[in-house]
Amino acid sequence: MTIKKEQYAAFEDIVGPENISADPVILYSYAWRSGLLAGATKFTPRFEAIVLPASTLEVQAIVRLCNKFKLQFKASSTGWGIFNDTSGPGVIRLDLRRMNRILEINEKNMYAVVEPYVIGAQLQAELMKRGLNCNMCGAGSNCSALPIAAHQGIGHLSQSGSYGERNQLALEWVTPDGEIVRLGSLGSSDEWFCGDGPGPSLRGIVRGNVVPLGGLGVFTRAAAKIYHWPGPARFPIEGVSPRYAPSHIPENFSIGFYSFSSMDSLDEAQRLIGESEIALELMGFNAAMASANIATSNEEDVKLFREFSQYVQGPCIMIIMAGNSARDFEYKTKVLAQIIDRTGGKAIPRLLDDPKVAGGCLWRWLRSCASIREVFRVSGCFGGEVGQTDSFRLMADYIFKTGQVKGDLIKRGIVYNDGFSPFTQSFEHGHYGHGELLIRYMPNPGTFRVLAQEFLVQANETAIRDHFGVPGHVFGDASHDMYGPHCSNYHLWLRRIKKAFDPNGASEASHYITNKE
Amino acid sequence: MGLADYQQDMETCCRCSACKFIPLENVRGLNNVNVCPSIARYNFHAYSGGGRLGIGVALLEKELDYSDKLLEVVYNCQMCGACDISCKYAMDMEVFEPISEIRISCVENGLTVPVFEKMMAGFRRNGRLVQPGRIQEKSWFQGFQVKDYTRQKVDVIFHAGCRISGDESLWKVAQANLALLQKVGIDIGIAGAEERCCGGRAYYLGYKTDFLKQAEHNMKQFARSGARTLVTGCAECYQAFKVLYDRFGFKGNLEVLHTTEFFARLVREGKLAPSKKINLKVTYHDPCYLGRIGEPWIHWKGKQIPGQIRLFDPPREFRRGSYGVYVPPRELLLSIPGLTLTEMDRTREYAWCCGAGGGVKEYNPQFAVWTARERLKEAETTGAEALVTACPGCEKSFHDALQGQKTALQIYDVAELIAKASL
């Protein structure tokens, strides 16, 4: 299918000739596959055209035209993952690049309102000037500051900065059939302070279990809760890329890396750290993640991984603490020392001895700017699985259980041997948590097939058999239809939601759920 | 090397969009976060580093044909290399080189742009990118008593560059440089009207064969002069002589220095002392080809080791912009009494381009002006009275962009200020 001339002209009338293209040169650049779960094919199906709207009204007009012309659409911001792609012809891509404003930073009520193409680094940097901070999606600060449509919003700061569905406040949404809906307090006033009212609350619908992944209209403006930041307005970064590092760790800040002899010990440490609310960041991590974060090349990564592996006695955590005062910091430091002592944690000195190394880690983890190093540098591609958000220990058990399967893939030589220790993290100083297993491999159809047909099948069987809930990697009709019957037939309800809001099936939903019977 | 040699690099692109932004650790707010003028101006992903790599793979896989639209995308790029540096903060892959190879493959496949064909016809006739008549009638070097290295032995060659020779408004930069070199008693020589283009611009327009011929010719002429050092005030020429000539095996032992490196060395040694006060608040613009793209070439020949991680035998070091010329121009400016230096948001390896490079000035002058104006706005926010650079191409681009603008911002080359403070 190729877009018809009159259809193209109608879209062009909305955005202007500079902001639409159906030329193959443009389309192929969007069709290059993402590095997430890569390998099946080099190029994804081409979109019919790319349009660059600059406002909510333009988005609405485009969506309405798609409904009229029986075309589908998919919107994206920075385009990081496979969710931005289409699975077939007849789809218009809305690249939201031109919607890139921070509309409001409300310091008093602690929320920020952004358009989709404001990236995490921009919002965080603006907030830090005001003594504030935001959660950052784990994919990195190169991604949208508020990825309502394509990410759960889980990230390195989630221990103190929560995550997407909790941080989301009022929201402006162009529904799949082209209605502009303003949710939460925006539904009854011009205020963005609340996601649930006074006004309509559809938070559960617009986010669901694993967010609609681009399959339920376009989110054009959104507010997010923001947090206190006790650090400097601007970090004292020195040096030249790729070896940036601060000359010192700011006053009342610390970073620590600890390994534990067992998951039970780590679990206890995590719980105690949460109860005492001493962590700004608390991330499960492993030797592979630490080495990838610090190293500036694969050669160095391999050396550091070997070195760090020697220090690690078992599962690990990385903790960043920030004191609001010297006394507060002293208190937190003492509490952490007691927790580590009580749970048998072992510090990894190599990561702490040099302030440049520790300071570099501190900043990279605060801004999530080394996620690309951690997941993509090895081969440009990664897969694996994402546990859902549930109790920390449940998620840890799930991810460690399925992690054993990775060992088999390593033995077969089809994935990178970085050990099979997954990582888990808790949110909001609480028992809630999340786990991920990272599998890096050279993109190729063979490994992709094994991951899809063996690894993920086993991971899903484990989740269903042992009642671990619906993991975060579940998207698309087949997955939902597999999990639904085991989980209150949620797939039927999800499909009804899709049908109710998208009667024409205009919002391309290959990574959500379609309205098929 | 050809485009096919970079297929694995291009296929390592994970579509993270890092190539569109300055390295994330340096983001200081909402503004001045873009690093690539092309994607910032044209917005479609195709105009970004990552988008260009996808296009490169599509060409190799025969999914995409050479077309006029391809040329439009390919040449609306300053070849400033910023995407490469932002990518390599995290990744082990080439970005700039395959983008350059796409241009070469276009030319080799006969897909060329009229404005460049005309330029290259002149280049092949005269060895220069400017008309010889304009140089012979009246030239930047008139009035200087200086050796001609095409006929005499010299220690140091001073190469002015085509941009200066062909533009009277820029002669003052070469004149300042030469006057300073003479003041410190260097045994210097120029080629005057016989000076040939370095060939660098031809290479980055995709005319690799023409570049190689030019480099061979130039090096023969340099060798006859007996000079061991070549100094130039043009960042493009500097990059060509230092990086491209080395890469393709022409440079030999010739020491290549930018005038800022040369003068900073003299200042450190006490042989040049800017003593006259200049009360001016300035900000410095890092030329791409003196900074990130100007770092030395790293010779490597080997192969990727089979496996699930990109490792190479022998180990491969990637050029990441870490070793560009960033300090000497700043040292020189700070050596001037009365002058204060303030920095813009985007500096050094992640500096925003002046807009003139990669043939954009000739192919799409409006885009060049748009890019330069973005930089001028950034400079103005620092409160500086003057924007100082170290490349005549940048200086010209900024001057052109100032036309019709209400601003008091002045534009200088480092050499002009050093000469003013020293002569």
# chains A, B, ... in the order shown; residues from 1 in each chain; ligands from 1
>>> select_by_dssp(residues="stretch 27-229 of chain B", states="strand (DSSP E or B)", output="ChimeraX atom specification")
/B:34,147-148,156-159,188-190,229
>>> closest_atom_pairs(of="chain A", to="chain B", cutoff="6 Å", atoms="only C-alpha atoms", output="tab-separated table")
residue	atom	partner	partner_atom	distance
A:Ile26	CA	B:Ala46	CA	5.3
A:Ser29	CA	B:Gly51	CA	4.7
A:Trp32	CA	B:Gly54	CA	5.3
A:Ser34	CA	B:Cys14	CA	5.2
A:Gly35	CA	B:Cys14	CA	4.0
A:Trp80	CA	B:Cys16	CA	4.9
A:Gln122	CA	B:Leu30	CA	4.7
A:Ala125	CA	B:Gly29	CA	4.7
A:Glu126	CA	B:Gly29	CA	4.7
A:Val240	CA	B:Ser322	CA	5.5
A:Ser241	CA	B:Ser322	CA	5.8
A:Pro242	CA	B:Tyr89	CA	4.6
A:Cys369	CA	B:Leu24	CA	5.9
A:Ile372	CA	B:Ala90	CA	6.0
A:Arg373	CA	B:Ala90	CA	4.7
A:Arg377	CA	B:Met91	CA	4.8
A:Val378	CA	B:Ile309	CA	4.9
A:Ser379	CA	B:Ile309	CA	5.3
A:Gly380	CA	B:Thr12	CA	4.4
A:Val415	CA	B:Gln308	CA	5.8
A:Tyr416	CA	B:Gln308	CA	4.8
A:Tyr441	CA	B:Gln308	CA	5.1
A:Met442	CA	B:Gln308	CA	5.1
>>> select_by_dssp(residues="stretch 126-342 of chain B", states="helix (DSSP H, G or I)", output="ChimeraX atom specification")
/B:126,132-137,162-165,168-183,192-194,200-205,208-225,235-247,259-268,292-294,327-334
>>> residues_around(residues="B:Arg265", least_positions_apart="3", cutoff="12 Å", atoms="only C-alpha atoms", output="list of chain:residue names")
B:Val184, B:Leu257, B:His258, B:Thr259, B:Thr260, B:Glu261, B:Phe262, B:Arg268, B:Glu269, B:Gly270, B:Lys271, B:Leu272, B:Ala273, B:Val327, B:Pro328, B:Pro329, B:Glu331, B:Leu332, B:Ser335
>>> residues_around(residues="stretch 139-146 of chain B", least_positions_apart="3", cutoff="9 Å", atoms="only C-alpha atoms", output="list of chain:residue names")
B:Arg134, B:Ile135, B:Gln136, B:Ile164, B:Ser165, B:Gly166, B:Glu168, B:Leu170, B:Trp171, B:Lys172, B:Ala174, B:Gln175, B:Leu178, B:Ala179, B:Gln182, B:Asp187, B:Ile188, B:Gly189, B:Ile190, B:Gly192, B:Ala193
>>> atom_distance(atom1="atom CA of A:His156", atom2="atom CA of A:His480")
27.6 Å
>>> residues_around(residues="stretch 5-15 of chain A", least_positions_apart="5", cutoff="10 Å", atoms="only C-alpha atoms", output="list in words")
Ile20, Ser21, Ala22, Glu48, Ala49, Ile50, Val51, Leu52, Pro53, Ala54, Ser55, Leu57, Glu58, Val59, Gln60, Ala61, Ile62, Val63, Leu65, Cys66, Lys68, Phe69, Leu71 and Ile92 of chain A
>>> atom_distance(atom1="atom CA of B:Lys281", atom2="atom CA of B:Arg346")
17.7 Å
>>> residues_around(residues="A:Asn67", least_positions_apart="4", cutoff="8 Å", atoms="only C-alpha atoms", output="list in words")
Val63, Leu71, Gln72, Asp177, Gly178, Asn504 and Ala506 of chain A
>>> write_last_selection(atoms="N, CA and C atoms", output="compact mmCIF listing (two decimals), in the first residue's frame")
# COMPACT_ATOMS: atom_id res chain seq x y z
N VAL A 63 -4.92 12.41 13.33
CA VAL A 63 -5.60 11.20 13.81
C VAL A 63 -6.99 11.09 13.16
N LEU A 71 -6.63 4.60 7.49
CA LEU A 71 -5.20 4.36 7.71
C LEU A 71 -4.99 4.19 9.22
N GLN A 72 -3.89 3.58 9.58
CA GLN A 72 -3.53 3.52 10.99
C GLN A 72 -2.44 4.55 11.27
N ASP A 177 -9.72 7.79 18.09
CA ASP A 177 -10.65 8.29 17.09
C ASP A 177 -10.63 9.81 16.98
N GLY A 178 -9.69 10.45 17.66
CA GLY A 178 -9.46 11.87 17.40
C GLY A 178 -10.11 12.84 18.36
N ASN A 504 -12.37 2.21 15.16
CA ASN A 504 -11.91 1.96 13.78
C ASN A 504 -10.56 1.25 13.73
N ALA A 506 -7.72 2.42 14.45
CA ALA A 506 -6.78 3.33 13.79
C ALA A 506 -5.42 3.40 14.49
>>> residues_around(residues="stretch 483-499 of chain A", least_positions_apart="6", cutoff="8 Å", atoms="only C-alpha atoms", output="PDB file with C-alpha atoms, in the first residue's frame")
ATOM      1  CA  ILE A 205      -6.812   2.677  31.065  1.00  0.00           C
ATOM      2  CA  LEU A 216      -3.995   3.734  22.210  1.00  0.00           C
ATOM      3  CA  ILE A 464       2.269 -18.639  34.618  1.00  0.00           C
ATOM      4  CA  GLY A 469       2.055 -12.346  37.477  1.00  0.00           C
ATOM      5  CA  VAL A 470       2.208 -10.783  34.020  1.00  0.00           C
ATOM      6  CA  GLY A 505      -8.706   0.259  14.892  1.00  0.00           C
ATOM      7  CA  ILE A 513      -3.675  -5.399  21.916  1.00  0.00           C
ATOM      8  CA  THR A 514      -5.754  -5.196  18.774  1.00  0.00           C
ATOM      9  CA  ASN A 515      -9.513  -5.128  18.628  1.00  0.00           C
ATOM     10  CA  LYS A 516      -9.683  -8.456  16.814  1.00  0.00           C
TER      11      LYS A 516
END
